[in-house]
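Coordinates as given in query.txt (compact mmCIF, C-alpha atoms and all ligand atoms):
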```
# COMPACT_ATOMS: atom_id res chain seq x y z
CA MET A 1 14.38 -12.96 -7.94
CA ASN A 2 15.19 -9.69 -6.29
CA THR A 3 18.59 -9.40 -7.86
CA ALA A 4 20.57 -6.28 -8.65
CA SER A 5 19.16 -6.15 -12.18
CA HIS A 6 15.60 -5.71 -10.89
CA PHE A 7 16.57 -2.75 -8.79
CA MET A 8 19.04 -1.31 -11.30
CA ALA A 9 16.33 -1.27 -13.96
CA ARG A 10 14.18 0.79 -11.61
CA LEU A 11 17.03 3.13 -10.71
CA GLU A 12 17.73 3.62 -14.42
CA LYS A 13 14.13 4.71 -14.87
CA LEU A 14 14.62 7.25 -12.11
CA LYS A 15 17.74 8.49 -13.87
CA LYS A 16 15.71 8.81 -17.05
CA ILE A 17 13.31 11.12 -15.21
CA VAL A 18 16.35 13.21 -14.21
CA GLU A 19 17.41 13.46 -17.87
CA GLU A 20 14.00 13.97 -19.43
CA LYS A 21 13.02 16.72 -17.03
CA SER A 22 16.51 18.29 -16.99
CA LEU A 23 16.83 18.00 -13.22
CA CYS A 24 19.89 18.06 -10.94
CA GLY A 25 18.71 14.77 -9.57
CA VAL A 26 15.83 13.15 -7.73
CA LEU A 27 15.59 12.88 -3.96
CA VAL A 28 13.19 10.32 -2.51
CA GLU A 29 12.16 10.71 1.13
CA SER A 30 11.79 7.67 3.43
CA GLY A 31 9.17 5.08 2.91
CA SER A 32 7.69 2.89 0.26
CA SER A 33 9.37 4.54 -2.73
CA VAL A 34 12.83 4.12 -1.19
CA PHE A 35 11.90 0.45 -0.65
CA TYR A 36 10.72 0.19 -4.26
CA PHE A 37 14.05 1.39 -5.63
CA THR A 38 16.43 -0.27 -3.14
CA GLY A 39 14.72 -2.94 -1.03
CA TYR A 40 15.57 -0.88 2.07
CA SER A 41 12.56 0.06 4.18
CA GLY A 42 13.89 1.99 7.19
CA ALA A 43 14.19 5.73 7.62
CA GLY A 44 16.37 7.25 4.94
CA HIS A 45 16.59 9.13 1.66
CA LEU A 46 17.64 8.06 -1.80
CA LEU A 47 19.40 10.60 -4.00
CA VAL A 48 19.93 9.96 -7.68
CA THR A 49 22.15 12.46 -9.47
CA LYS A 50 23.25 12.41 -13.10
CA ASP A 51 26.12 10.08 -12.26
CA LYS A 52 25.61 8.59 -8.78
CA TYR A 53 23.21 6.92 -6.36
CA TYR A 54 23.28 7.69 -2.64
CA LEU A 55 21.30 6.26 0.26
CA PHE A 56 21.33 8.52 3.33
CA VAL A 57 20.38 6.75 6.55
CA PRO A 58 20.38 7.81 10.20
CA VAL A 59 23.12 6.18 12.25
CA LEU A 60 20.81 3.69 13.99
CA GLU A 61 20.03 2.12 10.62
CA TYR A 62 23.59 1.80 9.33
CA LEU A 63 23.72 -2.02 9.59
CA ASN A 64 20.19 -2.53 8.34
CA ALA A 65 20.85 -0.38 5.27
CA ARG A 66 24.18 -2.06 4.54
CA ASP A 67 22.62 -5.53 4.77
CA ARG A 68 19.63 -4.58 2.62
CA LEU A 69 21.87 -3.10 -0.08
CA LEU A 70 23.93 -6.31 -0.04
CA LYS A 71 20.76 -8.40 -0.32
CA SER A 72 19.45 -6.28 -3.18
CA GLY A 73 22.85 -6.54 -4.89
CA LEU A 74 23.08 -2.75 -4.90
CA ASP A 75 26.10 -2.39 -2.59
CA LYS A 76 28.38 -1.80 -5.58
CA TYR A 77 26.12 0.80 -7.16
CA VAL A 78 24.57 2.75 -4.31
CA GLU A 79 26.76 4.57 -1.80
CA GLU A 80 25.49 4.40 1.76
CA VAL A 81 26.02 7.62 3.68
CA VAL A 82 25.28 7.58 7.39
CA TYR A 83 24.32 10.87 8.97
CA THR A 84 24.13 11.87 12.58
CA PRO A 85 22.81 15.35 13.18
CA TYR A 86 22.08 14.55 16.83
CA GLY A 87 25.46 15.34 18.40
CA LEU A 88 26.45 11.70 19.02
CA PRO A 89 30.06 11.08 20.10
CA ASP A 90 32.88 10.85 17.52
CA LYS A 91 33.79 7.28 18.31
CA LEU A 92 30.93 5.26 16.94
CA VAL A 93 31.24 1.73 15.63
CA VAL A 94 30.04 2.88 12.22
CA GLU A 95 33.44 4.52 11.64
CA GLU A 96 35.09 1.10 11.85
CA SER A 97 32.82 -0.26 9.10
CA GLY A 98 34.22 1.86 6.29
CA ILE A 99 30.84 3.49 5.70
CA ARG A 100 30.91 7.24 5.20
CA LEU A 101 29.70 9.10 8.31
CA GLU A 102 28.56 12.73 8.11
CA LYS A 103 27.57 14.96 11.01
CA LYS A 104 24.98 16.83 8.98
CA ASP A 105 21.31 16.51 8.24
CA VAL A 106 19.99 15.38 4.84
CA PRO A 107 19.07 18.82 3.42
CA LEU A 108 22.60 20.04 4.14
CA LEU A 109 24.18 16.94 2.56
CA VAL A 110 21.95 17.26 -0.48
CA GLY A 111 22.76 20.96 -0.71
CA GLU A 112 26.47 20.10 -0.88
CA LEU A 113 25.98 17.43 -3.52
CA VAL A 114 23.74 19.38 -5.85
CA GLY A 115 24.58 22.90 -4.72
CA GLU A 116 26.43 23.84 -7.91
CA CYS A 117 23.55 22.69 -10.08
CA THR A 118 21.31 25.50 -11.32
CA GLN A 119 18.42 23.28 -12.39
CA GLU A 120 15.64 21.99 -10.19
CA LEU A 121 15.89 18.96 -7.90
CA GLY A 122 13.10 16.42 -8.34
CA VAL A 123 11.60 15.41 -5.01
CA VAL A 124 9.33 12.66 -3.76
CA ALA A 125 8.50 13.99 -0.30
CA GLN A 126 6.34 12.48 2.38
CA THR A 127 6.22 15.55 4.57
CA TYR A 128 5.75 19.24 3.99
CA SER A 129 8.48 20.05 6.49
CA PHE A 130 10.98 18.26 4.27
CA TYR A 131 10.10 20.53 1.34
CA VAL A 132 10.53 23.54 3.60
CA LYS A 133 13.95 22.38 4.84
CA LEU A 134 15.18 21.93 1.27
CA GLN A 135 13.91 25.35 0.30
CA GLU A 136 15.74 26.84 3.27
CA LYS A 137 18.95 25.45 1.71
CA LYS A 138 18.03 27.44 -1.44
CA ILE A 139 17.42 24.24 -3.39
CA ARG A 140 14.83 24.71 -6.14
CA ILE A 141 12.53 21.73 -6.06
CA LYS A 142 10.02 20.05 -8.33
CA ASP A 143 7.55 17.39 -7.20
CA VAL A 144 8.06 14.20 -9.21
CA SER A 145 5.96 11.89 -7.03
CA ARG A 146 3.43 11.39 -9.85
CA ASP A 147 6.15 10.09 -12.17
CA VAL A 148 7.38 7.68 -9.52
CA MET A 149 3.87 6.47 -8.66
CA GLU A 150 3.26 5.85 -12.36
CA LEU A 151 6.27 3.54 -12.42
CA ARG A 152 5.04 1.76 -9.31
CA ALA A 153 1.48 1.31 -10.63
CA VAL A 154 2.44 -1.37 -13.15
CA LYS A 155 3.65 -4.41 -11.25
CA GLU A 156 6.44 -6.77 -12.27
CA PRO A 157 5.83 -10.54 -12.10
CA TRP A 158 7.79 -10.94 -8.86
CA GLU A 159 5.72 -8.21 -7.24
CA ILE A 160 2.52 -9.95 -8.33
CA GLU A 161 3.82 -13.15 -6.72
CA ARG A 162 4.33 -11.39 -3.41
CA ILE A 163 0.90 -9.75 -3.46
CA THR A 164 -0.61 -13.15 -4.28
CA MET A 165 1.23 -14.67 -1.34
CA ALA A 166 -0.04 -11.85 0.91
CA ALA A 167 -3.57 -12.62 -0.34
CA ARG A 168 -3.23 -16.36 0.41
CA ILE A 169 -2.12 -15.59 3.97
CA THR A 170 -5.05 -13.18 4.38
CA GLU A 171 -7.49 -15.84 3.23
CA GLU A 172 -6.06 -18.45 5.60
CA ALA A 173 -6.29 -15.95 8.46
CA LEU A 174 -9.96 -15.35 7.66
CA THR A 175 -10.72 -19.08 7.54
CA SER A 176 -9.16 -19.45 10.94
CA ALA A 177 -10.92 -16.41 12.44
CA LEU A 178 -14.30 -17.61 11.16
CA THR A 179 -13.99 -20.75 13.28
CA TYR A 180 -14.06 -18.46 16.34
CA LEU A 181 -17.35 -16.80 15.37
CA ASP A 182 -19.43 -17.61 18.40
CA ALA A 183 -21.50 -15.90 21.06
CA GLY A 184 -19.26 -13.97 23.43
CA VAL A 185 -16.35 -13.23 21.09
CA SER A 186 -15.46 -9.53 20.74
CA GLU A 187 -14.46 -7.60 17.63
CA SER A 188 -11.00 -7.01 19.13
CA GLU A 189 -10.44 -10.69 19.84
CA LEU A 190 -11.23 -11.55 16.22
CA ALA A 191 -8.99 -8.72 14.96
CA GLY A 192 -6.16 -10.02 17.15
CA LEU A 193 -6.71 -13.57 15.92
CA VAL A 194 -6.52 -12.41 12.31
CA TYR A 195 -3.21 -10.68 13.00
CA PHE A 196 -1.82 -13.66 14.91
CA GLU A 197 -2.74 -16.00 12.06
CA MET A 198 -1.09 -13.68 9.53
CA LEU A 199 2.18 -13.62 11.48
CA ARG A 200 2.29 -17.36 12.08
CA ARG A 201 1.72 -17.97 8.39
CA GLY A 202 4.74 -15.93 7.34
CA ALA A 203 3.45 -12.38 6.95
CA ASP A 204 5.75 -9.45 7.80
CA GLY A 205 2.71 -8.00 9.56
CA TYR A 206 -0.52 -6.48 8.42
CA ALA A 207 -0.96 -4.04 5.55
CA PHE A 208 -3.34 -2.12 7.87
CA PRO A 209 -4.78 -2.93 11.29
CA PRO A 210 -7.50 -5.58 10.82
CA ILE A 211 -11.05 -4.22 10.83
CA VAL A 212 -13.67 -6.43 12.44
CA ALA A 213 -17.06 -4.78 12.89
CA PHE A 214 -20.42 -6.11 14.10
CA ASN A 215 -23.88 -4.72 13.33
CA GLU A 216 -24.10 -0.92 13.76
CA ASN A 217 -20.29 -0.63 13.86
CA SER A 218 -20.15 -1.95 10.28
CA VAL A 219 -21.68 1.32 8.99
CA TYR A 220 -18.26 2.93 9.38
CA PRO A 221 -16.08 1.97 6.40
CA HIS A 222 -13.01 2.43 8.65
CA ALA A 223 -14.50 0.96 11.83
CA THR A 224 -12.33 0.41 14.90
CA PRO A 225 -12.75 -2.98 16.64
CA SER A 226 -13.75 -2.85 20.29
CA THR A 227 -13.46 -5.27 23.21
CA SER A 228 -16.88 -4.15 24.45
CA ARG A 229 -18.70 -5.09 21.25
CA VAL A 230 -19.43 -8.77 21.72
CA LEU A 231 -21.16 -11.19 19.38
CA TRP A 232 -24.65 -12.33 20.41
CA GLY A 233 -27.86 -13.25 18.64
CA HIS A 234 -28.13 -12.52 14.94
CA SER A 235 -25.37 -10.21 13.80
CA VAL A 236 -23.69 -8.75 10.76
CA VAL A 237 -19.94 -9.43 10.88
CA LEU A 238 -17.58 -7.51 8.59
CA PHE A 239 -13.87 -8.34 8.14
CA ASP A 240 -11.62 -5.95 6.20
CA ILE A 241 -8.16 -7.47 6.42
CA GLY A 242 -4.85 -7.62 4.55
CA ALA A 243 -1.49 -9.20 5.28
CA LYS A 244 1.85 -7.81 4.19
CA TYR A 245 4.32 -10.24 2.67
CA GLU A 246 7.94 -9.36 1.83
CA GLY A 247 6.96 -5.72 1.69
CA TYR A 248 3.79 -6.15 -0.39
CA SER A 249 0.17 -5.64 0.68
CA SER A 250 -3.15 -7.32 0.11
CA ASP A 251 -6.66 -6.14 0.89
CA MET A 252 -9.87 -8.11 1.20
CA THR A 253 -13.29 -7.53 2.76
CA ARG A 254 -15.97 -10.08 3.48
CA THR A 255 -19.28 -9.50 5.22
CA THR A 256 -20.96 -12.45 6.82
CA PHE A 257 -23.78 -13.09 9.23
CA PHE A 258 -23.77 -14.82 12.59
CA GLY A 259 -27.09 -16.62 13.05
CA SER A 260 -29.78 -16.47 10.39
CA PRO A 261 -29.49 -13.45 8.11
CA SER A 262 -32.38 -11.01 7.85
CA GLN A 263 -34.13 -10.48 4.51
CA GLU A 264 -32.85 -6.92 4.44
CA PHE A 265 -29.26 -8.04 4.96
CA LYS A 266 -29.52 -10.58 2.15
CA LYS A 267 -31.02 -8.01 -0.21
CA VAL A 268 -28.21 -5.53 0.47
CA ALA A 269 -25.46 -8.15 0.32
CA GLU A 270 -26.72 -9.50 -3.00
CA ALA A 271 -26.87 -6.00 -4.46
CA VAL A 272 -23.29 -5.31 -3.32
CA LEU A 273 -22.12 -8.56 -4.87
CA GLU A 274 -23.88 -7.72 -8.15
CA ALA A 275 -22.23 -4.28 -8.14
CA MET A 276 -18.88 -5.93 -7.63
CA GLU A 277 -19.47 -8.39 -10.47
CA ALA A 278 -20.47 -5.55 -12.81
CA ALA A 279 -17.19 -3.71 -12.13
CA LEU A 280 -15.13 -6.89 -12.30
CA ASP A 281 -16.68 -7.88 -15.63
CA MET A 282 -15.82 -4.51 -17.10
CA ALA A 283 -12.26 -4.32 -15.69
CA GLY A 284 -9.42 -4.71 -18.16
CA PRO A 285 -6.76 -2.85 -20.13
CA GLY A 286 -7.95 0.33 -21.80
CA VAL A 287 -10.84 0.82 -19.35
CA LYS A 288 -11.10 4.04 -17.37
CA THR A 289 -11.23 3.68 -13.58
CA SER A 290 -14.16 6.13 -13.41
CA ASP A 291 -16.19 3.82 -15.68
CA LEU A 292 -15.73 0.96 -13.22
CA ASP A 293 -16.96 3.18 -10.41
CA SER A 294 -20.01 4.12 -12.53
CA ALA A 295 -20.78 0.49 -13.36
CA ALA A 296 -20.93 -0.46 -9.67
CA ARG A 297 -22.92 2.65 -8.78
CA ARG A 298 -25.50 1.94 -11.50
CA VAL A 299 -26.24 -1.50 -10.02
CA LEU A 300 -26.73 -0.04 -6.54
CA GLU A 301 -28.91 2.71 -8.02
CA LYS A 302 -31.20 0.03 -9.43
CA TYR A 303 -31.85 -1.23 -5.90
CA GLY A 304 -32.09 2.23 -4.34
CA TYR A 305 -28.82 1.82 -2.42
CA ALA A 306 -26.55 4.17 -4.39
CA LYS A 307 -26.93 6.95 -1.79
CA TYR A 308 -25.42 4.61 0.82
CA PHE A 309 -22.27 3.96 -1.26
CA ILE A 310 -20.20 6.70 0.38
CA HIS A 311 -16.71 6.00 -0.94
CA SER A 312 -14.98 5.39 -4.24
CA LEU A 313 -14.99 1.90 -5.74
CA GLY A 314 -11.38 1.05 -4.94
CA HIS A 315 -7.71 1.91 -5.16
CA GLY A 316 -4.36 0.80 -6.48
CA LEU A 317 -2.36 -1.49 -4.19
CA GLY A 318 1.24 -2.60 -3.98
CA ILE A 319 3.90 -1.83 -1.40
CA ASP A 320 1.39 0.59 0.12
CA VAL A 321 -2.13 -0.59 0.72
CA HIS A 322 -3.40 2.59 -0.94
CA GLU A 323 -1.60 3.67 -4.09
CA PRO A 324 -2.77 5.56 -7.18
CA PRO A 325 -5.05 5.19 -9.08
CA ARG A 326 -8.24 5.84 -7.15
CA LEU A 327 -11.25 4.17 -8.75
CA SER A 328 -13.50 7.20 -8.55
CA GLN A 329 -15.65 9.50 -10.66
CA SER A 330 -12.88 12.08 -10.82
CA ASP A 331 -10.05 9.71 -11.78
CA GLU A 332 -9.03 9.57 -15.44
CA THR A 333 -6.57 6.67 -15.21
CA VAL A 334 -6.78 4.14 -18.04
CA LEU A 335 -5.99 0.66 -16.74
CA LYS A 336 -2.98 -1.23 -18.06
CA PRO A 337 -1.92 -4.88 -17.78
CA GLY A 338 0.05 -5.40 -14.57
CA MET A 339 -1.88 -2.88 -12.51
CA ILE A 340 -3.29 -4.17 -9.26
CA ILE A 341 -6.41 -2.56 -7.84
CA THR A 342 -9.13 -3.28 -5.33
CA ILE A 343 -12.82 -3.42 -6.18
CA GLU A 344 -14.87 -2.80 -3.06
CA PRO A 345 -18.44 -1.55 -3.34
CA GLY A 346 -20.25 -1.01 -0.04
CA VAL A 347 -23.64 -0.02 1.29
CA TYR A 348 -23.78 1.63 4.73
CA ILE A 349 -27.24 2.17 6.20
CA PRO A 350 -26.97 4.50 9.23
CA GLY A 351 -28.19 2.98 12.47
CA LYS A 352 -28.48 -0.45 10.89
CA PHE A 353 -25.51 -2.14 9.25
CA GLY A 354 -22.98 -1.96 6.43
CA VAL A 355 -22.01 -4.51 3.80
CA ARG A 356 -18.78 -4.35 1.82
CA ILE A 357 -17.20 -6.98 -0.41
CA GLU A 358 -13.67 -6.38 -1.63
CA ASP A 359 -11.16 -8.22 -3.74
CA THR A 360 -7.62 -7.43 -4.84
CA VAL A 361 -7.64 -7.67 -8.63
CA LEU A 362 -4.92 -7.93 -11.30
CA ILE A 363 -5.40 -6.30 -14.70
CA THR A 364 -4.27 -8.81 -17.33
CA GLU A 365 -3.70 -8.59 -21.10
CA ARG A 366 -7.32 -9.56 -21.73
CA GLY A 367 -9.31 -8.56 -18.70
CA ALA A 368 -8.95 -8.90 -14.97
CA THR A 369 -8.43 -11.72 -12.52
CA ARG A 370 -9.10 -11.85 -8.79
CA ILE A 371 -6.01 -12.26 -6.62
CA THR A 372 -8.09 -12.71 -3.47
CA ARG A 373 -10.28 -15.66 -4.32
CA TYR A 374 -12.09 -16.29 -1.08
CA GLU A 375 -15.73 -17.31 -1.30
CA ARG A 376 -17.87 -14.17 -1.34
CA VAL A 377 -21.28 -15.42 -0.30
CA LEU A 378 -20.81 -16.16 3.39
CA TRP A 379 -24.37 -15.51 4.55
MN MN B 1 -9.33 -1.46 0.34
```
Would you mind giving the structure from this file in structure tokens?
Ligand SMILES: [Mn+2]
Amino acid sequence: MNTASHFMARLEKLKKIVEEKSLCGVLVESGSSVFYFTGYSGAGHLLVTKDKYYLFVPVLEYLNARDRLLKSGLDKYVEEVVYTPYGLPDKLVVEESGIRLEKKDVPLLVGELVGECTQELGVVAQTYSFYVKLQEKKIRIKDVSRDVMELRAVKEPWEIERITMAARITEEALTSALTYLDAGVSESELAGLVYFEMLRRGADGYAFPPIVAFNENSVYPHATPSTSRVLWGHSVVLFDIGAKYEGYSSDMTRTTFFGSPSQEFKKVAEAVLEAMEAALDMAGPGVKTSDLDSAARRVLEKYGYAKYFIHSLGHGLGIDVHEPPRLSQSDETVLKPGMIITIEPGVYIPGKFGVRIEDTVLITERGATRITRYERVLW
């Protein structure tokens, strides 16, 4: 697993984009796409030209990048170039390592490497300022982020294994946190417990800060846990949590009840679960993401809750916790085997409570299978 051939196959696909679109090359700015192609996750830029691969990293990352390239088996194929535009002294240890050191910033280095080329440079940028800096160097650029995200959308078996592992850790963290559900515990304490359990079970960290929300705080789909919101009496308790494992995310939401659930809560929770089942039943290769969103919305409509479903049904998931496609009315993506998405209908009644149930789901050859398999009826 994780050998040079995995990464080289991906880099070849990037080179194919260069050829097919007649580009000078493709430049990928820091972040999850650099990790996808190289296994390196620090600050840095990957440049693929017609005949070479470069990884530009700031000087503080020179060892990290070298070690990651070795681990990925890419050290023979990708040239690491360390840059230091910050006026650091000449005598730095990096010069003893045989790694190329340049006292220039990335746009300048890229300008030198592709400067003679009259075609466009494909770019996957995270920031607008990076586009601007390249344009200042008179480099003509073309956004190719869609092409790269299309590659990333279909997962390879070893990626599915990692996401599954992240899901198992998430489930174990929830089991543990649920044992602390008792009068006096705060949302923040539970969120911290979830994170602690993820780390001690082998996660790199969380895919996003754990959301734990009680009662009226659960009406915010992106609620922030608070130390001052403490469990007492009969309460709705929502957990939206996801561990990260070897660079890959998971995402799961469960809504439970502390004490005896109200009739209204049960009615809403059962409708949300039915909406989820409707979407899950329909999910599979050849199905449009917008149709899944409609299927869930129709169920909630039946119960008069559709107006409280204020977000799209779900999203793609992989290295990033949110990746294309978006499972919404305006998305035209047709699902393919190997895609991993979330299905997460929710009903948020202002001033009262919210209920969301979410699973991470793999699209298979025949249909779809849940990666997060935690019990859903917890009330
Ligand atoms: Mn989600």
Got a sec: who's within 12 Å of segment 89-91 of chain A, counting only C-alpha atoms, leaving out chain neighbours fewer than 6 positions off, as a ChimeraX atom specification?
/A:59,97,101-103
Restricted to C-alpha atoms, what would the selected residues look like written as a tab-separated table (two decimals), keeping the file's coordinate frame?
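Output below, filename result.tsv:
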```tsv
chain	number	residue	atom	x	y	z
A	59	VAL	CA	23.12	6.18	12.25
A	97	SER	CA	32.82	-0.26	9.10
A	101	LEU	CA	29.70	9.10	8.31
A	102	GLU	CA	28.56	12.73	8.11
A	103	LYS	CA	27.57	14.96	11.01
```
When the cut-off is 8 Å and you count only C-alpha atoms and all ligand atoms, which residues lie near ligand MN 1 (chain B), shown as a PyMOL selection string?
chain A and resi 240+251-253+314-315+321-322+342-344+358
Quick one: of A:Gly247, A:Tyr36, A:Glu136, A:Lys21, who's nearest to Ala9 of chain A, counting all atoms listed in the file?
A:Tyr36
At a cut-off of 10 Å, using all atoms listed in the file, what residues contact Met165 of chain A? Leave out same-chain residues fewer than 2 positions from it and give the result as a list in words.
Glu159, Ile160, Glu161, Arg162, Ile163, Ala167, Arg168, Ile169, Thr170, Glu171, Gly202, Ala203, Ala243, Lys244, Tyr245, Glu246, Tyr248, Ser249, Ser250, Ile371 and Thr372 of chain A
Write the residues of the selection above to a file with C-alpha atoms, as a PDB file, keeping the file's coordinate frame.
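Saved result, part_22.pdb, follows:
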```pdb
ATOM      1  CA  GLU A 159       5.720  -8.210  -7.240  1.00  0.00           C
ATOM      2  CA  ILE A 160       2.520  -9.950  -8.330  1.00  0.00           C
ATOM      3  CA  GLU A 161       3.820 -13.150  -6.720  1.00  0.00           C
ATOM      4  CA  ARG A 162       4.330 -11.390  -3.410  1.00  0.00           C
ATOM      5  CA  ILE A 163       0.900  -9.750  -3.460  1.00  0.00           C
ATOM      6  CA  ALA A 167      -3.570 -12.620  -0.340  1.00  0.00           C
ATOM      7  CA  ARG A 168      -3.230 -16.360   0.410  1.00  0.00           C
ATOM      8  CA  ILE A 169      -2.120 -15.590   3.970  1.00  0.00           C
ATOM      9  CA  THR A 170      -5.050 -13.180   4.380  1.00  0.00           C
ATOM     10  CA  GLU A 171      -7.490 -15.840   3.230  1.00  0.00           C
ATOM     11  CA  GLY A 202       4.740 -15.930   7.340  1.00  0.00           C
ATOM     12  CA  ALA A 203       3.450 -12.380   6.950  1.00  0.00           C
ATOM     13  CA  ALA A 243      -1.490  -9.200   5.280  1.00  0.00           C
ATOM     14  CA  LYS A 244       1.850  -7.810   4.190  1.00  0.00           C
ATOM     15  CA  TYR A 245       4.320 -10.240   2.670  1.00  0.00           C
ATOM     16  CA  GLU A 246       7.940  -9.360   1.830  1.00  0.00           C
ATOM     17  CA  TYR A 248       3.790  -6.150  -0.390  1.00  0.00           C
ATOM     18  CA  SER A 249       0.170  -5.640   0.680  1.00  0.00           C
ATOM     19  CA  SER A 250      -3.150  -7.320   0.110  1.00  0.00           C
ATOM     20  CA  ILE A 371      -6.010 -12.260  -6.620  1.00  0.00           C
ATOM     21  CA  THR A 372      -8.090 -12.710  -3.470  1.00  0.00           C
TER      22      THR A 372
END
```
Contacts of Val114 of chain A at 8 Å or less, counting all atoms listed in the file, minus same-chain residues fewer than 3 places along, as a ChimeraX atom specification?
/A:24-25,49,110-111,117
Have a look at A:Phe214, A:Phe37, A:Tyr374, A:Tyr83 and name the one nearest to Thr227 of chain A; count only C-alpha atoms.
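Residue with the minimum atom-to-atom distance to Thr227 of chain A: A:Phe214.
Distances to Val334 of chain A were evaluated for A:Leu151, A:Leu292, A:Met276, A:Leu70 using only C-alpha atoms, and the minimum falls at A:Leu292.
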Test item: residues at most 9 Å from Met339 of chain A, all atoms listed in the file, excluding those fewer than 2 positions along its chain, as a ChimeraX atom specification
/A:152-155,316-317,335-337,341,361-364
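Proximity of A:Gly122, A:Gly44, A:Gly73, A:Gly39 to Val18 of chain A, computed with only C-alpha atoms, is greatest for A:Gly122.
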Selected residue of minimal separation from Leu273 of chain A among A:Thr360, A:Ser176, A:Thr289, A:Thr255, counting all atoms listed in the file:
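Of A:Thr360, A:Ser176, A:Thr289, A:Thr255, the one nearest Leu273 of chain A is A:Thr255, counting all atoms listed in the file.
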Given the choices A:Ala213, A:Leu23, A:Leu231, A:Leu238, which gets closest to Tyr180 of chain A if the distance is worked out from all atoms listed in the file?
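The shortest atom-to-atom distance to Tyr180 of chain A comes from A:Leu231.
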Reconstruct segment 213-229 of chain A at the level of N, CA and C atoms, and format the result as a PDB file, in the coordinates of the input.
```
ATOM      1  N   ALA A 213     -15.972  -5.630  12.424  1.00  0.00           N
ATOM      2  CA  ALA A 213     -17.060  -4.780  12.890  1.00  0.00           C
ATOM      3  C   ALA A 213     -18.382  -5.550  12.874  1.00  0.00           C
ATOM      4  N   PHE A 214     -19.114  -5.457  13.993  1.00  0.00           N
ATOM      5  CA  PHE A 214     -20.420  -6.110  14.100  1.00  0.00           C
ATOM      6  C   PHE A 214     -21.525  -5.065  13.927  1.00  0.00           C
ATOM      7  N   ASN A 215     -22.630  -5.513  13.360  1.00  0.00           N
ATOM      8  CA  ASN A 215     -23.880  -4.720  13.330  1.00  0.00           C
ATOM      9  C   ASN A 215     -23.675  -3.241  13.051  1.00  0.00           C
ATOM     10  N   GLU A 216     -24.109  -2.373  14.010  1.00  0.00           N
ATOM     11  CA  GLU A 216     -24.100  -0.920  13.760  1.00  0.00           C
ATOM     12  C   GLU A 216     -22.690  -0.371  13.588  1.00  0.00           C
ATOM     13  N   ASN A 217     -21.676  -1.098  14.060  1.00  0.00           N
ATOM     14  CA  ASN A 217     -20.290  -0.630  13.860  1.00  0.00           C
ATOM     15  C   ASN A 217     -19.852  -0.814  12.405  1.00  0.00           C
ATOM     16  N   SER A 218     -20.538  -1.697  11.679  1.00  0.00           N
ATOM     17  CA  SER A 218     -20.150  -1.950  10.280  1.00  0.00           C
ATOM     18  C   SER A 218     -20.584  -0.830   9.337  1.00  0.00           C
ATOM     19  N   VAL A 219     -21.318   0.189   9.861  1.00  0.00           N
ATOM     20  CA  VAL A 219     -21.680   1.320   8.990  1.00  0.00           C
ATOM     21  C   VAL A 219     -20.507   2.266   8.783  1.00  0.00           C
ATOM     22  N   TYR A 220     -19.445   2.087   9.573  1.00  0.00           N
ATOM     23  CA  TYR A 220     -18.260   2.930   9.380  1.00  0.00           C
ATOM     24  C   TYR A 220     -17.281   2.180   8.478  1.00  0.00           C
ATOM     25  N   PRO A 221     -17.008   2.700   7.277  1.00  0.00           N
ATOM     26  CA  PRO A 221     -16.080   1.970   6.400  1.00  0.00           C
ATOM     27  C   PRO A 221     -14.710   1.729   7.056  1.00  0.00           C
ATOM     28  N   HIS A 222     -14.273   2.645   7.929  1.00  0.00           N
ATOM     29  CA  HIS A 222     -13.010   2.430   8.650  1.00  0.00           C
ATOM     30  C   HIS A 222     -13.289   2.210  10.141  1.00  0.00           C
ATOM     31  N   ALA A 223     -14.117   1.232  10.439  1.00  0.00           N
ATOM     32  CA  ALA A 223     -14.500   0.960  11.830  1.00  0.00           C
ATOM     33  C   ALA A 223     -13.301   0.533  12.666  1.00  0.00           C
ATOM     34  N   THR A 224     -13.356   0.861  13.950  1.00  0.00           N
ATOM     35  CA  THR A 224     -12.330   0.410  14.900  1.00  0.00           C
ATOM     36  C   THR A 224     -12.922  -0.723  15.746  1.00  0.00           C
ATOM     37  N   PRO A 225     -12.228  -1.875  15.809  1.00  0.00           N
ATOM     38  CA  PRO A 225     -12.750  -2.980  16.640  1.00  0.00           C
ATOM     39  C   PRO A 225     -12.729  -2.598  18.120  1.00  0.00           C
ATOM     40  N   SER A 226     -13.670  -3.156  18.865  1.00  0.00           N
ATOM     41  CA  SER A 226     -13.750  -2.850  20.290  1.00  0.00           C
ATOM     42  C   SER A 226     -13.882  -4.137  21.104  1.00  0.00           C
ATOM     43  N   THR A 227     -13.321  -4.106  22.312  1.00  0.00           N
ATOM     44  CA  THR A 227     -13.460  -5.270  23.210  1.00  0.00           C
ATOM     45  C   THR A 227     -14.872  -5.322  23.780  1.00  0.00           C
ATOM     46  N   SER A 228     -15.550  -4.172  23.820  1.00  0.00           N
ATOM     47  CA  SER A 228     -16.880  -4.150  24.450  1.00  0.00           C
ATOM     48  C   SER A 228     -17.986  -4.539  23.475  1.00  0.00           C
ATOM     49  N   ARG A 229     -17.668  -4.649  22.196  1.00  0.00           N
ATOM     50  CA  ARG A 229     -18.700  -5.090  21.250  1.00  0.00           C
ATOM     51  C   ARG A 229     -18.552  -6.603  21.068  1.00  0.00           C
TER      52      ARG A 229
END
```
